[in-house]
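K.L.:
The structure's right below; bear with me while I get my questions together.
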Amino acid sequence: MTPRDPRLPSASGLLVVGKDVPRTDAVPKVTGAAQYVADLHFPGMLHAAVLRSPHPHARIVSIDTSAAATMPGVKAVATGGDTAKRKWGAFRPDLYPLAIDKVRYVGDEVAAVAAVDAETARAAVDKIQVRYEVLPAVLSLDQALAPGAALVHDDAPGNVAHQFGFERGDVSAGFKASDVVVEGTWESVRQWHTALETIGCVAKWDSGRVTMWCNTQTPFLARGRYATALGAPESQVRVIQTEVGGGFGGKSGDDNASVVCALLARLAGRPVKLIHTREEEFLASHPRMPMRYWVRLGFRKDGRVMAKEIKIWADNGAYTGKSQAILGAASVRHDALYKYPAVRGHSMLVYTNLVPTGAFRGFGNPSADWAVEQAWDLAAEKLGIDVVELLRMNAVEPGDVSPHNHKITSCELKQCIDKAAHLIGWKVKHRQKQPHREGKEPAREGKGKEPAREGKEPARGLGMGCSVHVNGRRSFGDWDGSSAIVRVNEDGRATIITGEGEIGQGNLTVLRQIAAEELGLPYEHVDITRPDTDVQPHSLGALASRLTYVAGNAVKNAATAAARQLLEAAAEQFQRPVEELTILNGEIGPRNGSETEFRPVGAVVRANIYRRGGQPIVGVGTFDNPSEFPDHNRYGNESGAYNFAAQAAEVEVDRATGEVKLLEVAAVVDCGTVINPATAEGQVQGAVTQGIGLAMIEYFDWWNGQPTDPQLKDYPLPGAATMPKLHVAFADSYEPSGPFGAKGLGEIGLDAVPAAIANAVADACRVRIHELPITAEKIHRALHPEIYANENVPPPAAPKGGMWTRLSAGRPSGARPLNPQFVWAASVEEAVRLLAAGDAALVAGGMSHALRRERTGFPQAKRLVSIMRIPELSEFSIDARGVLRAGAAVRQQAFSEEARVRTHWPAIEDAMESVGHIRIRRMLTVGGSVGPLIGGFDLPLALLVLGARVTVAGPTGRRTLKLEEAFQKRFAKDEMVVSIEVDPPPARSASSFIKYMARGVLEIPTVNTAAAITLKADGTCSHARAAIGAVSWKPIVLDLTTLAGQRLNEDVLRAAVQGVRAAAEPVSDVRGSATYKREMAVEFAYRALANAWKRARHAIA
Amino acid sequence: MLVKFRVNGDPVEVNLKSGDRLLVDVLREDLQLTGTKHGCGIGACGTCTVMVDGYPIASCLQLAAMCDGAEVRTVEGLAGASTLHPVQQAFVNRSALQCGICIPGHVMAACALLEKNPDPTEEQIRASVDSVYCRCTGYVRIAEAYREAIALAKTRKT
C-alpha cells in the first residue's frame, strides 16, 4: 500500500477502495440507453438466420440452396463450402464454422442466410434442402464409451477427446491408514447460462478487414479464434465489445454465431446482424459440462483426511471448446481446499452427439463439489463428527501447498466456515434437531408405514459445502497477464485504457476505484474505455475470476507509473524533490503542506505538455499472474492466489410430495479486500442464485439428443419468489499479491451451493441425492419406494406438438412470417360470421396466437379477428342476486381487483394467484382461458368446481351450458365463448384451488386441483366437489356424493380422493413421471378439499 | 394496417406490414425504442415488460394491432432531461443491476406497481420483483431498490 498523506483521517485509510461508489454503467442501464448488440443498427444492415442439424449424427449427402438464394430479399447464403474449412477451438480445434460433410449434434450449424429482414432470412432457411444420411449417434456417456460405439470424430478413438491421470503422495498407504472410508458416484447435469441476452454479433467488412461488434466476454481471445476460423490474420479482425447482457462463461467466444455472421457479411458485402433466438441459445450455445464423478475418501477416526481418489468421465458433447480445461479444474482444484496428503485421479473427456459444453461460472468446480462435498458429508456422518467441525479441522491454511503445487497464500477458509455456520444458526438448529435424531432413523421409512402419515410434518435439515477458486489461471499458453494504460488528461481526469471489459460484474467500476485510489484522484475523475481490439493492449478478458486480481494489478501498476510521472512533473514545477510531494483528491502539493500550496492535477499535466519537449502523462502497467502453467497431468500452481467460500443451507422437505423448500442460504467468501461492497455482495448473491438453479430448478426433458422444448417454459430460472433468505458475508482477509489486498470472487459463490443443499436434504429426510438436479420426485421415490415398486414404465415415445415438429424438421429459427390481416369484430355475430369463413382465428388477449407464432412458426390463419372491442364481451359484474358474470374479453386481472371474488369464490382468487404475475393476468382473458377447454389451465378448473355456466355463440345462435358439461362435450369449431356465469356461493361453503408445479413457472402444472365444500349448520357435509386437471385429457371430476351427511375429517377426505389414482391417465414428461403425477393428483386433490373444508369451517365460525 | 397510439406521451402512427406483429418488435424496430428488450418470446422472462394503459404487460406477446388507441410507456419515457425517475434513481443508488439487460423490465414492473400502489406490502413487492427474471443479481438488491424508490417518491412529493 502506498504511504498516505498525514492529512488523511488515518494513515492507512483508503479513500475510494472499499466504498460503494456508483456503478459506471448504472445510469445507461436504467434509462435503456445502454447499447447491447441487438440494439445496433447500420445503414444497409442485413439480418441472419441459421439452418441447424435436426439429427444428432448424420452425413450431409447434399445441400441445395438455390431456392433460398433466389428468394427476393436474400443477399447471401453460406454453407461449409464458403468457409476456409478450417477447424477452430480453444484447445482442441474440432469445430467448423459451418458443417463440412457431417453434423454431430442437433443444432450444428449447416447453412446460413442473410436477408433484408429477419423474417425473410428465416423463410429462406426453410427453403434450403439438405439430404442427410442419418448415422448411429452416441447420446450418453455410456453409449459413447461402449465397445464399438459410433465415433463422433474419426480422430478420437473410443470417443476420448482428452484424458490424464495423476498420483501425488502415497494414496494406497493413506487408505490403509484410514479408519473410515467413504465412496460414491455423483452425476451433474447440463446447465445453460441463460443470460437474458442471447449471443449475437454485427459484422461489417471494409477493405478486407472485418469489424465485429460482439457481446463477448473475452474480446482478444475471441479475435484470435475468429481469425483462425475466418482464415484471416488477427490484426485484420477487429472485435468491439458491446454492452454484454450476461455472460457467466457462455460468451467466451467458443460458439459459431459470430463467425457465421462475419462470413455472411463478407459474402453479402453489407453489414449483417446475427442474434441467437432463445431456442438457438439452448440448442447451440455451450452449457455446463455434466460429469460422472466417483470419489473415495479415507479418514483417521479423529477426522483427519488421509487419502483421496477420484475418477471422472465428462460429457464433452460434440465439440471441445474449453472443456479439457474444465475437466482439469474439476480434477485438481478441490485438492487446494483441504489438507489432502495423497491424491490419485483419472479423468476422461468423452465426445457425445450432444450439444457441446463449455465454460460456465465455476468451471468444473460445481461438478467436483457436488460429489466431493457430499462425500465429506457422508464421512462426517460415518465418523460421528459434526460436518462443520470436520471441514474446519481439515481446511487449508496460509502456507499450505496442495499435492498439485497450489501454493496457498491468503486463506480464511476456517473463518468462512465459522461465519456461514453462525449466519445459518447451525449450532442452535442442530441442537434443536438432536432429540429427533436419537436412535438414528433408518435411511428410509419402513414399508409398513402409511406414506400419508409421513406427510404431516415437514422435515428440516442443514447442510454445508466449501469451495476454492482461482484468481485467473494460466490456460491459453504460459501467460495469464493483463496490461493497461492510464493516461492523465490536461483537465486532471484520468482515462484507463484496458481491453478487459465489462459483462455486468462491475469490473469497470472496480478498476476505476483501484486507479483512483492509486492516483489520488476522486473516483468521478477516472474514466475507462470499453474493449476495442484495435485500441487497447492485449488482454484475456472476463474468465477464471481474474479481473479484480490480474487486471486490477495491471491497472494499479499503470496508475503507479502515471502517478510517478505526475509527481516528477510536479517536482520540476514545484522545484521540490519528488519524495516531498503527494497527490490527494485531484490535487498535487507538498506532504504536510497547507491547502494553498496544492495545485490541481490538470494544471500540472497541462504545464508538462505545453512546453518545449513536453509530453503527456501516460502510465503503462502490466502484471502477469505469479502462477505456473500446469503440465498435461495438471501439476502446477495454477494461480497466484486462491479465493475460498463456505455455504450453508437450510431446507424443509415435504415428505408427501418430496418438495424441497429452501429456507436459508448463508454464503461467506474470502476474496481478500472487498473493493466495492455492493458489487461484491451482488456477485455472491447472483452466484448463489445460479447455484440454486443448478441444484433444483434448471433441467430439460430430452429426446433423440435434444431438449424437447428448448424454451424458458420448460427451463425456468430461479425467480424472486423461489429465493431463500440469503445471508452474504465476507471473511476479513488480505491477499498480499492482490491490488490493495483484493482477490477475485466472480464464481466462488456458486460452486458448493448444490452440494450444500443436497447435504441439507440428506440431513432432513435421510435421502442422499446422487444425480443433479434435486427434484421433488427423486426425493418422493426415495421416501416411498413401495409406491414405485411395481411401476409400469412405458417405452419412451417421441414428443408431440408443433414445436417438436418444427425442430425435428430442422427449422429451429423461430417465428416465420404469416402476414395475417387484423380485424376488429364489432359484434359477437360478426365475429362468428368471420370465424365461419374457415380462414380466421379469434384473438382475445392475443397471447395464444403470439405464442403459437413464436413457438411453432407455422401459419395459423389468414385473418385475426379480435373480440376485444365487442362491448358485451367486456361486461364484468356481480348482480343483485350475487351472480358473477364475465365476458370473454374480460382480462383475468379483473378478478384480482374485485374484492368479492376473494370472499365469495376463493378458488378463483387462488387460481389468479397461481397464474403468477399481473403482467400475464392483464393479458389473459376469460375467453382465451376457457375457450380451449384445457383442464391444466387455472381459471377453468376453478370455475368448474364452482358450477359455472358458459355461454357460447355459433352460426345457429347462442347456448348456455355447464362448464363441466362443456369439458365433456367440447365446443363446436365454429363456436366462440361469450361469457361465463357463477352463482353466489351457498351459505357455509368455501372453495380452493391449488396448482402444483414442482418447480418454477410452467404453462401446464404437474397437477392442479380445485374443490368446493358446503357444510350444514351442524358442521356435517352438505355437498362437495373436486376436480383435478393436467393428469388426464379431461379434468377428473370426483364423485363425492358419499360425503354428504358425513362429519368430515382428514381421514374421510383422504379416503374420498383415492379414486383419483385410477382415474388419472398422466403422461410422463418434464413435469414428472406418470407414477409421480398420479400420486400428486391424489395428494393435491386431498389438499384442495382439506383447504376448502378448513375455509368452510372458518365461514361457520 | 395503420395503428395509432401514444408512446411515452407522443402520438405515433405505425404501418404494420403484418397483422400479427408484436409490440416489442414495433417498439424496437419501427420506433427505435431499443430500451425494451426481447428475452424469451413466450412471456416468461419479463425483460420486455412495458406499460399499456397503466398496466404492465409482456410486449413479446402483445399484438401491436391491439394497441390501437392505447397509451404505451417504455423505459425511455421515465426520466426527465436531467433527473431520473425515482425508480431509476433507486436502482442506481442500490447498485440493483449487473448486466442490465433485464433492468428495463424490472424498472417498468416497479413503476407499474408503485403508480397504482405507492405503499405496497413486502409481499406485493416480492410478487412484482418475481414477475421479471434476473440472471445476475439474485433479486436482493432489486427488492431493496423498490423500497428505496418508495421512499424517494415520498420525499420528492414533499
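Quick note on naming: the chains in the C-alpha cells go A, B, ... in the order shown, residues restart at 1 in each chain, and ligands are numbered from 1 in order of appearance.
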List as an NGL selection string the protein and nucleic acid residues near segment 134-136 of chain B, meaning an atom at most 9 Å away when only C-alpha atoms are counted, but skip any in the same chain fewer than 6 places from it.
P.N.:
(:A and (193-196 or 246 or 248 or 504-505 or 682-683 or 685-687 or 689-690 or 717-720)) or (:B and (45 or 47 or 97-103 or 106))
K.L.:
Excluding same-chain residues fewer than 4 positions from Val24 of chain B, what lies within 10 Å of it counting only C-alpha atoms, as a PDB file with N, CA and C atoms, in the first residue's frame?
P.N.:
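File written: out.pdb
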ATOM      1  N   ARG B  28     -38.980  -1.673 -30.936  1.00  0.00           N
ATOM      2  CA  ARG B  28     -37.532  -1.735 -31.172  1.00  0.00           C
ATOM      3  C   ARG B  28     -37.154  -1.414 -32.613  1.00  0.00           C
ATOM      4  N   GLU B  29     -37.942  -1.922 -33.552  1.00  0.00           N
ATOM      5  CA  GLU B  29     -37.550  -1.785 -34.959  1.00  0.00           C
ATOM      6  C   GLU B  29     -38.151  -0.545 -35.610  1.00  0.00           C
ATOM      7  N   ASP B  30     -39.447  -0.321 -35.449  1.00  0.00           N
ATOM      8  CA  ASP B  30     -40.086   0.798 -36.147  1.00  0.00           C
ATOM      9  C   ASP B  30     -39.859   2.114 -35.414  1.00  0.00           C
ATOM     10  N   LEU B  33     -37.034   2.326 -30.218  1.00  0.00           N
ATOM     11  CA  LEU B  33     -37.000   2.372 -28.746  1.00  0.00           C
ATOM     12  C   LEU B  33     -36.414   1.050 -28.259  1.00  0.00           C
ATOM     13  N   THR B  34     -35.091   0.980 -28.308  1.00  0.00           N
ATOM     14  CA  THR B  34     -34.431  -0.301 -28.040  1.00  0.00           C
ATOM     15  C   THR B  34     -34.195  -0.546 -26.546  1.00  0.00           C
ATOM     16  N   THR B  36     -36.463  -1.374 -24.529  1.00  0.00           N
ATOM     17  CA  THR B  36     -37.264  -2.565 -24.241  1.00  0.00           C
ATOM     18  C   THR B  36     -36.570  -3.763 -24.871  1.00  0.00           C
ATOM     19  N   LYS B  37     -36.328  -4.803 -24.066  1.00  0.00           N
ATOM     20  CA  LYS B  37     -35.519  -5.926 -24.547  1.00  0.00           C
ATOM     21  C   LYS B  37     -36.379  -7.132 -24.882  1.00  0.00           C
ATOM     22  N   HIS B  38     -35.888  -7.924 -25.814  1.00  0.00           N
ATOM     23  CA  HIS B  38     -36.550  -9.171 -26.181  1.00  0.00           C
ATOM     24  C   HIS B  38     -35.799 -10.304 -25.498  1.00  0.00           C
ATOM     25  N   GLY B  41     -39.587 -14.380 -25.777  1.00  0.00           N
ATOM     26  CA  GLY B  41     -40.632 -14.531 -26.782  1.00  0.00           C
ATOM     27  C   GLY B  41     -41.853 -15.296 -26.310  1.00  0.00           C
ATOM     28  N   CYS B  48     -39.184  -7.763 -21.450  1.00  0.00           N
ATOM     29  CA  CYS B  48     -39.866  -6.909 -22.435  1.00  0.00           C
ATOM     30  C   CYS B  48     -41.038  -6.163 -21.816  1.00  0.00           C
ATOM     31  N   THR B  49     -41.141  -6.175 -20.491  1.00  0.00           N
ATOM     32  CA  THR B  49     -42.272  -5.541 -19.831  1.00  0.00           C
ATOM     33  C   THR B  49     -42.362  -4.046 -20.161  1.00  0.00           C
ATOM     34  N   VAL B  50     -43.521  -3.628 -20.640  1.00  0.00           N
ATOM     35  CA  VAL B  50     -43.812  -2.201 -20.812  1.00  0.00           C
ATOM     36  C   VAL B  50     -45.187  -1.957 -20.194  1.00  0.00           C
ATOM     37  N   ALA B  58     -46.472  -8.080 -21.170  1.00  0.00           N
ATOM     38  CA  ALA B  58     -45.316  -8.656 -21.862  1.00  0.00           C
ATOM     39  C   ALA B  58     -45.412  -8.222 -23.324  1.00  0.00           C
ATOM     40  N   SER B  59     -44.536  -7.326 -23.747  1.00  0.00           N
ATOM     41  CA  SER B  59     -44.676  -6.799 -25.101  1.00  0.00           C
ATOM     42  C   SER B  59     -44.306  -7.831 -26.158  1.00  0.00           C
ATOM     43  N   CYS B  60     -43.711  -8.967 -25.735  1.00  0.00           N
ATOM     44  CA  CYS B  60     -43.398 -10.020 -26.711  1.00  0.00           C
ATOM     45  C   CYS B  60     -44.618 -10.861 -27.020  1.00  0.00           C
ATOM     46  N   LEU B  61     -45.696 -10.707 -26.237  1.00  0.00           N
ATOM     47  CA  LEU B  61     -46.924 -11.449 -26.517  1.00  0.00           C
ATOM     48  C   LEU B  61     -48.062 -10.502 -26.898  1.00  0.00           C
ATOM     49  N   GLN B  62     -47.749  -9.229 -26.985  1.00  0.00           N
ATOM     50  CA  GLN B  62     -48.783  -8.228 -27.238  1.00  0.00           C
ATOM     51  C   GLN B  62     -48.830  -7.926 -28.732  1.00  0.00           C
ATOM     52  N   LEU B  63     -49.964  -8.243 -29.373  1.00  0.00           N
ATOM     53  CA  LEU B  63     -50.105  -7.884 -30.787  1.00  0.00           C
ATOM     54  C   LEU B  63     -50.137  -6.354 -30.877  1.00  0.00           C
ATOM     55  N   ALA B  64     -49.286  -5.819 -31.722  1.00  0.00           N
ATOM     56  CA  ALA B  64     -49.216  -4.363 -31.833  1.00  0.00           C
ATOM     57  C   ALA B  64     -50.549  -3.788 -32.320  1.00  0.00           C
TER      58      ALA B  64
END
K.L.:
List every residue of chain B that has an atom at most 6 Å from any atom of chain A, giving for each one its closest atom pair and the distance in Å to one decimal, counting only C-alpha atoms, sorted by chain and then by ascending residue number, as JSON lines.
P.N.:
{"residue": "B:Ser18", "atom": "CA", "partner": "A:Asn819", "partner_atom": "CA", "distance": 4.2}
{"residue": "B:Gly19", "atom": "CA", "partner": "A:Phe822", "partner_atom": "CA", "distance": 4.6}
{"residue": "B:Thr34", "atom": "CA", "partner": "A:Asp39", "partner_atom": "CA", "distance": 5.7}
{"residue": "B:Gly35", "atom": "CA", "partner": "A:Gly32", "partner_atom": "CA", "distance": 3.8}
{"residue": "B:Gly39", "atom": "CA", "partner": "A:Leu196", "partner_atom": "CA", "distance": 5.5}
{"residue": "B:Cys40", "atom": "CA", "partner": "A:Arg278", "partner_atom": "CA", "distance": 5.7}
{"residue": "B:Ile42", "atom": "CA", "partner": "A:Leu851", "partner_atom": "CA", "distance": 5.8}
{"residue": "B:Pro56", "atom": "CA", "partner": "A:Arg919", "partner_atom": "CA", "distance": 5.1}
{"residue": "B:Ile57", "atom": "CA", "partner": "A:Arg919", "partner_atom": "CA", "distance": 4.4}
{"residue": "B:Leu61", "atom": "CA", "partner": "A:Ala850", "partner_atom": "CA", "distance": 5.2}
{"residue": "B:Val75", "atom": "CA", "partner": "A:Thr31", "partner_atom": "CA", "distance": 5.9}
{"residue": "B:Glu76", "atom": "CA", "partner": "A:Thr31", "partner_atom": "CA", "distance": 5.9}
{"residue": "B:Gln88", "atom": "CA", "partner": "A:Val30", "partner_atom": "CA", "distance": 5.6}
{"residue": "B:Val92", "atom": "CA", "partner": "A:Ala26", "partner_atom": "CA", "distance": 5.5}
{"residue": "B:Gln98", "atom": "CA", "partner": "A:Gly504", "partner_atom": "CA", "distance": 4.3}
{"residue": "B:Cys99", "atom": "CA", "partner": "A:Gly504", "partner_atom": "CA", "distance": 3.5}
{"residue": "B:Gly100", "atom": "CA", "partner": "A:Lys29", "partner_atom": "CA", "distance": 5.4}
{"residue": "B:Ile101", "atom": "CA", "partner": "A:Gly245", "partner_atom": "CA", "distance": 5.0}
{"residue": "B:Asp130", "atom": "CA", "partner": "A:Ala720", "partner_atom": "CA", "distance": 4.4}
{"residue": "B:Ser131", "atom": "CA", "partner": "A:His917", "partner_atom": "CA", "distance": 5.6}
{"residue": "B:Tyr133", "atom": "CA", "partner": "A:Gly719", "partner_atom": "CA", "distance": 5.8}
{"residue": "B:Cys136", "atom": "CA", "partner": "A:Gly686", "partner_atom": "CA", "distance": 4.9}
{"residue": "B:Thr137", "atom": "CA", "partner": "A:Gly686", "partner_atom": "CA", "distance": 4.3}
{"residue": "B:Gly138", "atom": "CA", "partner": "A:Gly686", "partner_atom": "CA", "distance": 4.4}
{"residue": "B:Tyr139", "atom": "CA", "partner": "A:Ala720", "partner_atom": "CA", "distance": 5.9}
K.L.:
Could those selected residues go to a file with N, CA and C atoms, as a PDB file, in the first residue's frame?
P.N.:
ATOM      1  N   SER B  18     -47.751  -6.639 -41.146  1.00  0.00           N
ATOM      2  CA  SER B  18     -48.482  -7.868 -40.853  1.00  0.00           C
ATOM      3  C   SER B  18     -49.345  -7.638 -39.629  1.00  0.00           C
ATOM      4  N   GLY B  19     -50.532  -8.252 -39.649  1.00  0.00           N
ATOM      5  CA  GLY B  19     -51.478  -8.053 -38.547  1.00  0.00           C
ATOM      6  C   GLY B  19     -51.039  -8.685 -37.246  1.00  0.00           C
ATOM      7  N   THR B  34     -35.091   0.980 -28.308  1.00  0.00           N
ATOM      8  CA  THR B  34     -34.431  -0.301 -28.040  1.00  0.00           C
ATOM      9  C   THR B  34     -34.195  -0.546 -26.546  1.00  0.00           C
ATOM     10  N   GLY B  35     -34.677   0.357 -25.705  1.00  0.00           N
ATOM     11  CA  GLY B  35     -34.569   0.122 -24.256  1.00  0.00           C
ATOM     12  C   GLY B  35     -35.371  -1.092 -23.836  1.00  0.00           C
ATOM     13  N   GLY B  39     -36.443 -11.004 -24.584  1.00  0.00           N
ATOM     14  CA  GLY B  39     -35.703 -12.002 -23.818  1.00  0.00           C
ATOM     15  C   GLY B  39     -36.040 -13.435 -24.171  1.00  0.00           C
ATOM     16  N   CYS B  40     -37.334 -13.759 -24.273  1.00  0.00           N
ATOM     17  CA  CYS B  40     -37.672 -15.178 -24.470  1.00  0.00           C
ATOM     18  C   CYS B  40     -38.760 -15.392 -25.504  1.00  0.00           C
ATOM     19  N   ILE B  42     -41.862 -15.744 -25.061  1.00  0.00           N
ATOM     20  CA  ILE B  42     -43.028 -16.505 -24.607  1.00  0.00           C
ATOM     21  C   ILE B  42     -43.593 -15.963 -23.294  1.00  0.00           C
ATOM     22  N   PRO B  56     -48.668  -3.298 -16.469  1.00  0.00           N
ATOM     23  CA  PRO B  56     -47.502  -3.944 -17.084  1.00  0.00           C
ATOM     24  C   PRO B  56     -47.971  -5.090 -17.974  1.00  0.00           C
ATOM     25  N   ILE B  57     -47.385  -5.220 -19.130  1.00  0.00           N
ATOM     26  CA  ILE B  57     -47.708  -6.361 -19.998  1.00  0.00           C
ATOM     27  C   ILE B  57     -46.408  -6.871 -20.620  1.00  0.00           C
ATOM     28  N   LEU B  61     -45.696 -10.707 -26.237  1.00  0.00           N
ATOM     29  CA  LEU B  61     -46.924 -11.449 -26.517  1.00  0.00           C
ATOM     30  C   LEU B  61     -48.062 -10.502 -26.898  1.00  0.00           C
ATOM     31  N   VAL B  75     -39.281   2.289 -20.958  1.00  0.00           N
ATOM     32  CA  VAL B  75     -38.238   2.768 -20.050  1.00  0.00           C
ATOM     33  C   VAL B  75     -37.684   4.122 -20.514  1.00  0.00           C
ATOM     34  N   GLU B  76     -37.771   4.378 -21.814  1.00  0.00           N
ATOM     35  CA  GLU B  76     -37.247   5.654 -22.316  1.00  0.00           C
ATOM     36  C   GLU B  76     -38.111   6.835 -21.874  1.00  0.00           C
ATOM     37  N   GLN B  88     -35.787   4.636 -11.197  1.00  0.00           N
ATOM     38  CA  GLN B  88     -34.459   4.522 -11.819  1.00  0.00           C
ATOM     39  C   GLN B  88     -33.368   4.944 -10.843  1.00  0.00           C
ATOM     40  N   VAL B  92     -30.114   2.825  -9.300  1.00  0.00           N
ATOM     41  CA  VAL B  92     -28.733   3.320  -9.324  1.00  0.00           C
ATOM     42  C   VAL B  92     -28.160   3.344  -7.909  1.00  0.00           C
ATOM     43  N   GLN B  98     -26.718  -5.605 -12.676  1.00  0.00           N
ATOM     44  CA  GLN B  98     -25.386  -6.062 -13.102  1.00  0.00           C
ATOM     45  C   GLN B  98     -25.306  -5.930 -14.622  1.00  0.00           C
ATOM     46  N   CYS B  99     -25.654  -6.995 -15.366  1.00  0.00           N
ATOM     47  CA  CYS B  99     -25.511  -6.857 -16.825  1.00  0.00           C
ATOM     48  C   CYS B  99     -26.519  -5.866 -17.378  1.00  0.00           C
ATOM     49  N   GLY B 100     -27.651  -5.719 -16.716  1.00  0.00           N
ATOM     50  CA  GLY B 100     -28.590  -4.654 -17.063  1.00  0.00           C
ATOM     51  C   GLY B 100     -29.636  -5.013 -18.106  1.00  0.00           C
ATOM     52  N   ILE B 101     -29.551  -6.198 -18.691  1.00  0.00           N
ATOM     53  CA  ILE B 101     -30.467  -6.489 -19.797  1.00  0.00           C
ATOM     54  C   ILE B 101     -31.920  -6.615 -19.307  1.00  0.00           C
ATOM     55  N   ASP B 130     -40.711 -10.754  -8.585  1.00  0.00           N
ATOM     56  CA  ASP B 130     -40.759 -12.112  -9.131  1.00  0.00           C
ATOM     57  C   ASP B 130     -41.277 -12.134 -10.573  1.00  0.00           C
ATOM     58  N   SER B 131     -41.917 -11.062 -10.997  1.00  0.00           N
ATOM     59  CA  SER B 131     -42.527 -11.066 -12.333  1.00  0.00           C
ATOM     60  C   SER B 131     -41.489 -10.899 -13.435  1.00  0.00           C
ATOM     61  N   TYR B 133     -37.484 -11.988 -14.564  1.00  0.00           N
ATOM     62  CA  TYR B 133     -36.263 -12.724 -14.254  1.00  0.00           C
ATOM     63  C   TYR B 133     -35.068 -11.780 -14.196  1.00  0.00           C
ATOM     64  N   CYS B 136     -28.554 -12.217 -12.945  1.00  0.00           N
ATOM     65  CA  CYS B 136     -27.310 -11.776 -12.298  1.00  0.00           C
ATOM     66  C   CYS B 136     -27.409 -11.555 -10.790  1.00  0.00           C
ATOM     67  N   THR B 137     -28.480 -10.905 -10.342  1.00  0.00           N
ATOM     68  CA  THR B 137     -28.400 -10.277  -9.018  1.00  0.00           C
ATOM     69  C   THR B 137     -28.911 -11.115  -7.856  1.00  0.00           C
ATOM     70  N   GLY B 138     -29.725 -12.126  -8.144  1.00  0.00           N
ATOM     71  CA  GLY B 138     -30.334 -12.839  -7.021  1.00  0.00           C
ATOM     72  C   GLY B 138     -31.451 -12.036  -6.369  1.00  0.00           C
ATOM     73  N   TYR B 139     -31.837 -10.930  -6.977  1.00  0.00           N
ATOM     74  CA  TYR B 139     -33.031 -10.141  -6.625  1.00  0.00           C
ATOM     75  C   TYR B 139     -32.951  -9.358  -5.319  1.00  0.00           C
TER      76      TYR B 139
END
K.L.:
Please identify which residues in segment 8-149 of chain B DSSP calls strand (DSSP E or B) from the backbone, and express them as a ChimeraX atom specification.
P.N.:
/B:10-15,22,49-52,55-58,63,71-73
K.L.:
With C-alpha atoms retained, export the selected residues as a tab-separated table (two decimals), in the first residue's frame.
P.N.:
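Below is the file part_33.tsv, written as the result:
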chain	number	residue	atom	x	y	z
B	10	ASP	CA	-46.09	11.20	-28.04
B	11	PRO	CA	-48.56	10.23	-30.75
B	12	VAL	CA	-47.20	7.61	-33.15
B	13	GLU	CA	-48.55	6.02	-36.30
B	14	VAL	CA	-47.18	2.68	-37.43
B	15	ASN	CA	-47.98	0.94	-40.64
B	22	LEU	CA	-45.62	-7.80	-31.81
B	49	THR	CA	-42.27	-5.54	-19.83
B	50	VAL	CA	-43.81	-2.20	-20.81
B	51	MET	CA	-46.91	-0.41	-19.57
B	52	VAL	CA	-50.06	-0.33	-21.66
B	55	TYR	CA	-50.69	-1.99	-16.60
B	56	PRO	CA	-47.50	-3.94	-17.08
B	57	ILE	CA	-47.71	-6.36	-20.00
B	58	ALA	CA	-45.32	-8.66	-21.86
B	63	LEU	CA	-50.10	-7.88	-30.79
B	71	GLU	CA	-51.14	4.66	-24.01
B	72	VAL	CA	-47.81	2.82	-24.09
B	73	ARG	CA	-44.95	3.61	-21.75
K.L.:
Might you pull out every residue within 12 Å of segment 425-434 of chain A, with only C-alpha atoms counted and same-chain residues fewer than 6 positions away left off, and present them as a list in words?
P.N.:
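Neighbouring residues, sequence-local ones excluded: Asp386, Val387, Val388, Glu389, Ile417, Asp418, Lys419, Lys440, Glu441, Ala459, Arg460, Gly461, Leu462, Gly463, Met464, Gln647, Ala648, Ala649, Glu650, Val651, Glu664, Val665, Ala666, His727, Ala760, Asp763 and Ala764 of chain A.
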K.L.:
Enter the distance from atom CA of Tyr319 of chain A to atom CA of Pro356 of chain A, in Å, rounded to one decimal.
P.N.:
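Going from atom CA of Tyr319 of chain A over to atom CA of Pro356 of chain A, I get 5.1 Å.
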K.L.:
Could you jot down the atom CA of Gly640 of chain A to atom CA of Ile326 of chain A separation for me, Å, one decimal place?
P.N.:
18.7 Å
K.L.:
Please extract the residues of segment 555-655 of chain A with a backbone DSSP assignment of helix (DSSP H, G or I) and present them as a PyMOL selection string.
P.N.:
chain A and resi 555-574+578-580+595-597+601-609
K.L.:
Which residues come within 9 Å of Gln89 of chain B, counting only C-alpha atoms, excluding same-chain residues fewer than 5 positions away, as a list in words?
P.N.:
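Here the qualifying residues turn out to be Val27 and Val30 of chain A; Thr83, Leu84, Arg94, Ala145, Glu148, Ala149 and Leu152 of chain B.
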K.L.:
Restricted to C-alpha atoms, what would the selected residues look like written as a short mmCIF file (atom, residue, chain, number, x, y, z; two decimals), in the first residue's frame?
P.N.:
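again_22.cif, written as the output of this step:
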data_model
loop_
_atom_site.label_atom_id
_atom_site.label_comp_id
_atom_site.auth_asym_id
_atom_site.auth_seq_id
_atom_site.Cartn_x
_atom_site.Cartn_y
_atom_site.Cartn_z
CA VAL A 27 -27.46 5.20 -15.49
CA VAL A 30 -31.73 2.09 -16.01
CA THR B 83 -33.48 13.81 -13.39
CA LEU B 84 -34.06 10.13 -13.21
CA ARG B 94 -28.76 0.46 -4.59
CA ALA B 145 -34.43 -0.67 -4.89
CA GLU B 148 -35.79 2.93 -1.81
CA ALA B 149 -37.97 4.07 -4.71
CA LEU B 152 -37.61 8.59 -2.79
#
K.L.:
How many Å lie between atom CA of Asp1051 of chain A and atom CA of Ile1036 of chain A, rounded to one decimal?
P.N.:
21.0 Å
K.L.:
Of the residues A:His784, A:Arg52, A:Lys322, A:Arg1061, which is the one nearest to Ile128 of chain A, using only C-alpha atoms?
P.N.:
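Looking at the shortest contact to Ile128 of chain A, the residue is A:Arg52.
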K.L.:
Give me, as a ChimeraX atom specification, all polymer residues having an atom no more than 10 Å from Ile787 of chain A, counting only C-alpha atoms and skipping those fewer than 3 positions away in the same chain.
P.N.:
/A:447,451,780-784,790-791,1075-1076,1079
